[in-house]
file upload04.json (JSON, C-alpha atoms)
[["chain", "number", "residue", "atom", "x", "y", "z"],
["A", 1212, "MET", "CA", 71.58, -93.74, 39.48],
["A", 1213, "ASN", "CA", 75.23, -94.55, 39.98],
["A", 1214, "PRO", "CA", 75.82, -96.84, 43.00],
["A", 1215, "LEU", "CA", 78.86, -94.81, 44.06],
["A", 1216, "LEU", "CA", 76.73, -91.69, 44.06],
["A", 1217, "ASN", "CA", 74.15, -93.48, 46.21],
["A", 1218, "ILE", "CA", 76.87, -94.47, 48.69],
["A", 1219, "ALA", "CA", 78.25, -90.93, 48.77],
["A", 1220, "LEU", "CA", 74.77, -89.48, 49.36],
["A", 1221, "ALA", "CA", 74.05, -92.02, 52.11],
["A", 1222, "LEU", "CA", 77.34, -91.25, 53.86],
["A", 1223, "GLY", "CA", 76.71, -87.52, 53.55],
["A", 1224, "LEU", "CA", 73.23, -87.91, 55.02],
["A", 1225, "ALA", "CA", 74.61, -90.05, 57.85],
["A", 1226, "GLY", "CA", 77.19, -87.35, 58.59],
["A", 1227, "LEU", "CA", 74.53, -84.64, 58.67],
["A", 1228, "LEU", "CA", 72.36, -86.72, 60.99],
["A", 1229, "PHE", "CA", 75.33, -87.28, 63.30],
["A", 1230, "LEU", "CA", 76.01, -83.54, 63.41],
["A", 1231, "ALA", "CA", 72.33, -82.89, 64.14],
["A", 1232, "TYR", "CA", 72.44, -85.50, 66.93],
["A", 1233, "ARG", "CA", 75.44, -83.76, 68.50],
["A", 1234, "ARG", "CA", 73.78, -80.36, 68.13],
["A", 1235, "ILE", "CA", 70.61, -81.57, 69.85],
["A", 1236, "GLY", "CA", 72.69, -82.74, 72.80],
["A", 1237, "THR", "CA", 74.57, -79.48, 73.22],
["A", 1238, "THR", "CA", 71.77, -77.03, 72.43],
["A", 1239, "TYR", "CA", 68.76, -78.64, 74.07],
["A", 1240, "GLY", "CA", 70.38, -80.80, 76.72],
["A", 1241, "ARG", "CA", 68.74, -83.93, 75.33],
["A", 1242, "ARG", "CA", 71.30, -86.69, 75.13],
["A", 1243, "GLY", "CA", 71.23, -90.37, 74.26],
["A", 1244, "GLY", "CA", 67.83, -91.84, 73.58],
["A", 1245, "LEU", "CA", 65.95, -88.54, 73.76],
["A", 1246, "ALA", "CA", 68.24, -86.99, 71.16],
["A", 1247, "LEU", "CA", 67.74, -90.02, 68.91],
["A", 1248, "ILE", "CA", 63.96, -89.86, 69.29],
["A", 1249, "ALA", "CA", 63.98, -86.12, 68.50],
["A", 1250, "LEU", "CA", 66.18, -86.81, 65.47],
["A", 1251, "VAL", "CA", 63.85, -89.56, 64.28],
["A", 1252, "LEU", "CA", 60.81, -87.32, 64.61],
["A", 1253, "LEU", "CA", 62.42, -84.21, 63.10],
["A", 1254, "ALA", "CA", 64.57, -85.66, 60.33],
["A", 1255, "VAL", "CA", 64.46, -89.40, 59.72],
["A", 1256, "ASN", "CA", 60.68, -89.84, 59.67],
["A", 1257, "PRO", "CA", 60.13, -86.87, 57.29],
["A", 1258, "LEU", "CA", 62.85, -88.18, 54.96],
["A", 1259, "TYR", "CA", 61.29, -91.64, 55.05],
["A", 1260, "ARG", "CA", 57.89, -90.16, 54.15],
["A", 1261, "MET", "CA", 59.35, -88.19, 51.25],
["A", 1262, "ALA", "CA", 61.08, -91.34, 50.00],
["A", 1263, "ALA", "CA", 57.70, -93.07, 49.93],
["A", 1264, "LEU", "CA", 56.36, -90.35, 47.64],
["A", 1265, "GLY", "CA", 59.49, -90.75, 45.54],
["A", 1266, "TYR", "CA", 58.76, -94.46, 45.20],
["A", 1267, "LEU", "CA", 55.34, -93.69, 43.75],
["A", 1268, "GLN", "CA", 56.91, -91.23, 41.31],
["A", 1269, "VAL", "CA", 59.53, -93.77, 40.20],
["A", 1270, "LEU", "CA", 56.81, -96.36, 39.67],
["A", 1271, "VAL", "CA", 54.76, -94.05, 37.48],
["A", 1272, "ASN", "CA", 57.86, -92.95, 35.56],
["A", 1273, "GLN", "CA", 58.67, -96.58, 34.78],
["A", 1274, "HIS", "CA", 55.08, -97.25, 33.72],
["A", 1275, "PRO", "CA", 53.72, -94.09, 32.00],
["A", 1276, "ALA", "CA", 50.33, -95.71, 31.35],
["A", 1277, "VAL", "CA", 49.60, -95.45, 35.08],
["A", 1278, "ALA", "CA", 49.47, -91.64, 34.85],
["A", 1279, "ALA", "CA", 46.56, -91.92, 32.44],
["A", 1280, "ASN", "CA", 44.53, -93.97, 34.90],
["A", 1281, "PRO", "CA", 42.05, -91.81, 36.88],
["A", 1282, "TYR", "CA", 42.85, -93.70, 40.09],
["A", 1283, "TRP", "CA", 46.48, -92.58, 39.90],
["A", 1284, "ASP", "CA", 45.50, -88.97, 40.65],
["A", 1285, "LEU", "CA", 43.37, -90.10, 43.56],
["A", 1286, "TYR", "CA", 46.11, -92.30, 45.06],
["A", 1287, "TYR", "CA", 48.85, -89.74, 44.58],
["A", 1288, "THR", "CA", 46.81, -86.86, 45.98],
["A", 1289, "PHE", "CA", 45.91, -88.94, 49.02],
["A", 1290, "ALA", "CA", 49.58, -89.87, 49.47],
["A", 1291, "ILE", "CA", 50.57, -86.19, 49.37],
["A", 1292, "PHE", "CA", 47.96, -85.24, 51.99],
["A", 1293, "LEU", "CA", 49.01, -88.19, 54.11],
["A", 1294, "THR", "CA", 52.63, -87.12, 53.84],
["A", 1295, "ALA", "CA", 51.80, -83.57, 54.86],
["A", 1296, "ALA", "CA", 49.81, -84.72, 57.88],
["A", 1297, "ALA", "CA", 52.55, -87.16, 58.92],
["A", 1298, "LEU", "CA", 55.22, -84.47, 58.58],
["A", 1299, "VAL", "CA", 53.27, -81.99, 60.68],
["A", 1300, "LEU", "CA", 52.58, -84.56, 63.39],
["A", 1301, "SER", "CA", 56.15, -85.82, 63.41],
["A", 1302, "VAL", "CA", 57.66, -82.33, 63.66],
["A", 1303, "TYR", "CA", 55.12, -81.41, 66.36],
["A", 1304, "GLY", "CA", 56.20, -84.41, 68.41],
["A", 1305, "GLY", "CA", 59.91, -83.75, 67.81],
["A", 1306, "VAL", "CA", 59.72, -80.09, 68.81],
["A", 1307, "GLY", "CA", 57.90, -81.15, 71.97],
["A", 1308, "VAL", "CA", 60.68, -83.61, 72.83],
["A", 1309, "LEU", "CA", 63.25, -80.83, 72.45],
["A", 1310, "ASN", "CA", 61.47, -77.95, 74.16],
["A", 1311, "GLY", "CA", 58.92, -79.47, 76.53],
["A", 1312, "ARG", "CA", 59.18, -80.30, 80.21],
["A", 1313, "ARG", "CA", 55.77, -81.75, 81.02],
["A", 1314, "ARG", "CA", 54.85, -85.42, 81.11],
["A", 1315, "SER", "CA", 52.28, -84.88, 78.36],
["A", 1316, "ILE", "CA", 55.21, -84.38, 75.95],
["A", 1317, "VAL", "CA", 56.00, -88.08, 76.29],
["A", 1318, "TRP", "CA", 52.48, -89.00, 75.20],
["A", 1319, "ARG", "CA", 52.65, -86.48, 72.35],
["A", 1320, "ALA", "CA", 55.90, -88.10, 71.17],
["A", 1321, "LEU", "CA", 54.37, -91.59, 71.44],
["A", 1322, "ILE", "CA", 51.35, -90.57, 69.39],
["A", 1323, "ALA", "CA", 53.60, -88.92, 66.79],
["A", 1324, "LEU", "CA", 55.83, -92.00, 66.62],
["A", 1325, "TRP", "CA", 53.00, -94.49, 66.16],
["A", 1326, "VAL", "CA", 50.71, -92.48, 63.90],
["A", 1327, "SER", "CA", 53.36, -90.98, 61.61],
["A", 1328, "GLY", "CA", 55.34, -94.23, 61.69],
["A", 1329, "PRO", "CA", 53.60, -97.61, 61.41],
["A", 1330, "LEU", "CA", 50.07, -96.34, 60.82],
["A", 1331, "VAL", "CA", 50.98, -94.02, 57.96],
["A", 1332, "ASN", "CA", 53.41, -96.61, 56.60],
["A", 1333, "ALA", "CA", 50.62, -99.20, 56.43],
["A", 1334, "VAL", "CA", 48.49, -96.79, 54.40],
["A", 1335, "TYR", "CA", 51.47, -96.00, 52.14],
["A", 1336, "LEU", "CA", 52.05, -99.69, 51.52],
["A", 1337, "PHE", "CA", 48.38, -100.11, 50.63],
["A", 1338, "ILE", "CA", 48.58, -97.17, 48.18],
["A", 1339, "ALA", "CA", 51.84, -98.48, 46.69],
["A", 1340, "GLY", "CA", 50.20, -101.88, 46.24],
["A", 1341, "ARG", "CA", 47.24, -100.33, 44.45],
["A", 1342, "VAL", "CA", 49.52, -98.27, 42.18],
["A", 1343, "ALA", "CA", 51.65, -101.36, 41.48],
["A", 1344, "THR", "CA", 48.45, -103.17, 40.48],
["A", 1345, "LEU", "CA", 47.67, -100.34, 38.05],
["A", 1346, "ALA", "CA", 51.17, -100.71, 36.60],
["A", 1347, "ALA", "CA", 51.06, -104.52, 36.56],
["A", 1348, "ALA", "CA", 54.27, -104.43, 38.61],
["A", 1349, "ALA", "CA", 55.27, -106.26, 41.76],
["A", 1350, "ALA", "CA", 53.81, -104.68, 44.89],
["A", 1351, "PRO", "CA", 56.08, -103.96, 47.86],
["A", 1352, "ASP", "CA", 56.10, -106.63, 50.55],
["A", 1353, "PHE", "CA", 53.83, -105.48, 53.37],
["A", 1354, "LEU", "CA", 55.61, -107.35, 56.15],
["A", 1355, "LEU", "CA", 59.09, -106.19, 55.16],
["A", 1356, "GLY", "CA", 57.80, -102.66, 54.67],
["A", 1357, "MET", "CA", 56.31, -102.56, 58.16],
["A", 1358, "LEU", "CA", 59.38, -103.84, 60.01],
["A", 1359, "PRO", "CA", 61.49, -100.62, 60.11],
["A", 1360, "PRO", "CA", 58.79, -98.26, 61.46],
["A", 1361, "LEU", "CA", 57.54, -100.92, 63.88],
["A", 1362, "ALA", "CA", 61.05, -101.53, 65.22],
["A", 1363, "VAL", "CA", 61.68, -97.80, 65.68],
["A", 1364, "SER", "CA", 58.30, -97.21, 67.35],
["A", 1365, "LEU", "CA", 58.60, -100.19, 69.68],
["A", 1366, "THR", "CA", 62.13, -99.27, 70.73],
["A", 1367, "ALA", "CA", 61.26, -95.61, 71.26],
["A", 1368, "THR", "CA", 58.12, -96.53, 73.20],
["A", 1369, "ALA", "CA", 60.06, -98.83, 75.51],
["A", 1370, "TYR", "CA", 62.61, -96.09, 76.10],
["A", 1371, "LEU", "CA", 60.06, -93.32, 76.68],
["A", 1372, "LEU", "CA", 58.06, -95.41, 79.13],
["A", 1373, "THR", "CA", 60.94, -96.88, 81.15],
["A", 1374, "ALA", "CA", 64.01, -94.62, 81.07],
["A", 1375, "ALA", "CA", 65.01, -92.67, 84.15],
["A", 1376, "GLN", "CA", 66.21, -89.78, 81.98],
["A", 1377, "VAL", "CA", 62.71, -89.41, 80.54],
["A", 1378, "ARG", "CA", 61.14, -89.37, 84.02],
["A", 1379, "THR", "CA", 63.66, -86.73, 85.12],
["A", 1380, "VAL", "CA", 63.34, -84.43, 82.10],
["A", 1381, "TYR", "CA", 59.57, -84.67, 81.71],
["A", 1382, "ALA", "CA", 58.42, -84.53, 85.31],
["A", 1383, "ASP", "CA", 55.44, -82.30, 86.03],
["A", 1384, "LYS", "CA", 56.22, -79.82, 88.78],
["A", 1385, "ALA", "CA", 53.22, -80.92, 90.83],
["A", 1386, "ASP", "CA", 54.48, -84.52, 90.79],
["A", 1387, "ALA", "CA", 58.01, -83.49, 91.81],
["A", 1388, "GLY", "CA", 56.90, -81.27, 94.70],
["A", 1389, "THR", "CA", 54.39, -83.54, 96.43],
["A", 1390, "PRO", "CA", 55.71, -85.82, 99.16],
["A", 1391, "ALA", "CA", 55.21, -89.56, 98.79],
["A", 1392, "ALA", "CA", 52.41, -90.91, 100.96]]
call {"tool": "encode", "arguments": {"input": "upload04.json", "output": "structure tokens"}}
result
Amino acid sequence: MNPLLNIALALGLAGLLFLAYRRIGTTYGRRGGLALIALVLLAVNPLYRMAALGYLQVLVNQHPAVAANPYWDLYYTFAIFLTAAALVLSVYGGVGVLNGRRRSIVWRALIALWVSGPLVNAVYLFIAGRVATLAAAAAPDFLLGMLPPLAVSLTATAYLLTAAQVRTVYADKADAGTPAA
């Protein structure tokens, strides 16, 4: 693919994500970190998961003999089911961040971030390594592949557990109405 086309697509995607970030702030009243977390769960994480499936397809297109291997169907089918589960969980967590008001929404978002992020990414890297072995190609580096989802999950977890905005938005009514003892 042409590098200029890649740059244009990346800039276009960045512009769309910025517009979505602004829209989340005005429509749902979630600004700053909460809008970013919702955007990660609703858009960035699903795109990242789809790119992982694309990587497997590129690998098999470069090495057609892999498609004849019976393990390829098993790995690819498992990757598709894993992608579907990660997408559902990620969107479930993101919709909760946008529409919810209870404290349990924070825990739902944390579970969605960690399961559909680093956990699923570790399984993807394992699958990609197995497919690369079938193709006699270089496997992706596990450590470098785990850094982006770990960084996002750690940062979002720190924000969700410590930010005053999160405590204000997701306060259970029973907690807000009871006097301090």
call {"tool": "residues_around", "arguments": {"input": "upload04.json", "residues": "range 1332-1345 of chain A", "least_positions_apart": "5", "cutoff": "8 Å", "atoms": "all atoms listed in the file", "output": "list in words"}}
result
Ala1263, Leu1267, Leu1270, Val1277, Asn1280, Trp1283, Tyr1286, Ala1290, Ser1327, Ala1350, Pro1351, Phe1353, Gly1356, Met1357 and Pro1360 of chain A
call {"tool": "atom_distance", "arguments": {"input": "upload04.json", "atom1": "CA of Arg1234 in chain A", "atom2": "CA of Leu1330 in chain A"}}
result
29.5 Å
call {"tool": "atom_distance", "arguments": {"input": "upload04.json", "atom1": "CA of Leu1309 in chain A", "atom2": "CA of Val1377 in chain A"}}
result
11.8 Å
call {"tool": "closest_residue", "arguments": {"input": "upload04.json", "among": "A:Val1326, A:Ala1320, A:Ala1367, A:Val1269", "to": "Ala1348 in chain A", "atoms": "all atoms listed in the file"}}
result
A:Val1269
call {"tool": "atom_distance", "arguments": {"input": "upload04.json", "atom1": "CA of Ile1248 in chain A", "atom2": "CA of Val1302 in chain A"}}
result
11.3 Å
call {"tool": "closest_residue", "arguments": {"input": "upload04.json", "among": "A:Leu1224, A:Ala1346, A:Val1299, A:Leu1355", "to": "Asn1272 in chain A", "atoms": "all atoms listed in the file"}}
result
A:Ala1346
call {"tool": "axis_aligned_box", "arguments": {"input": "upload04.json", "around": "range 1281-1297 of chain A", "padding_each_side": "3 Å", "output": "lines of an AutoDock Vina configuration file"}}
result
center_x = 47.3
center_y = -88.6
center_z = 47.9
size_x = 16.6
size_y = 16.1
size_z = 28.0
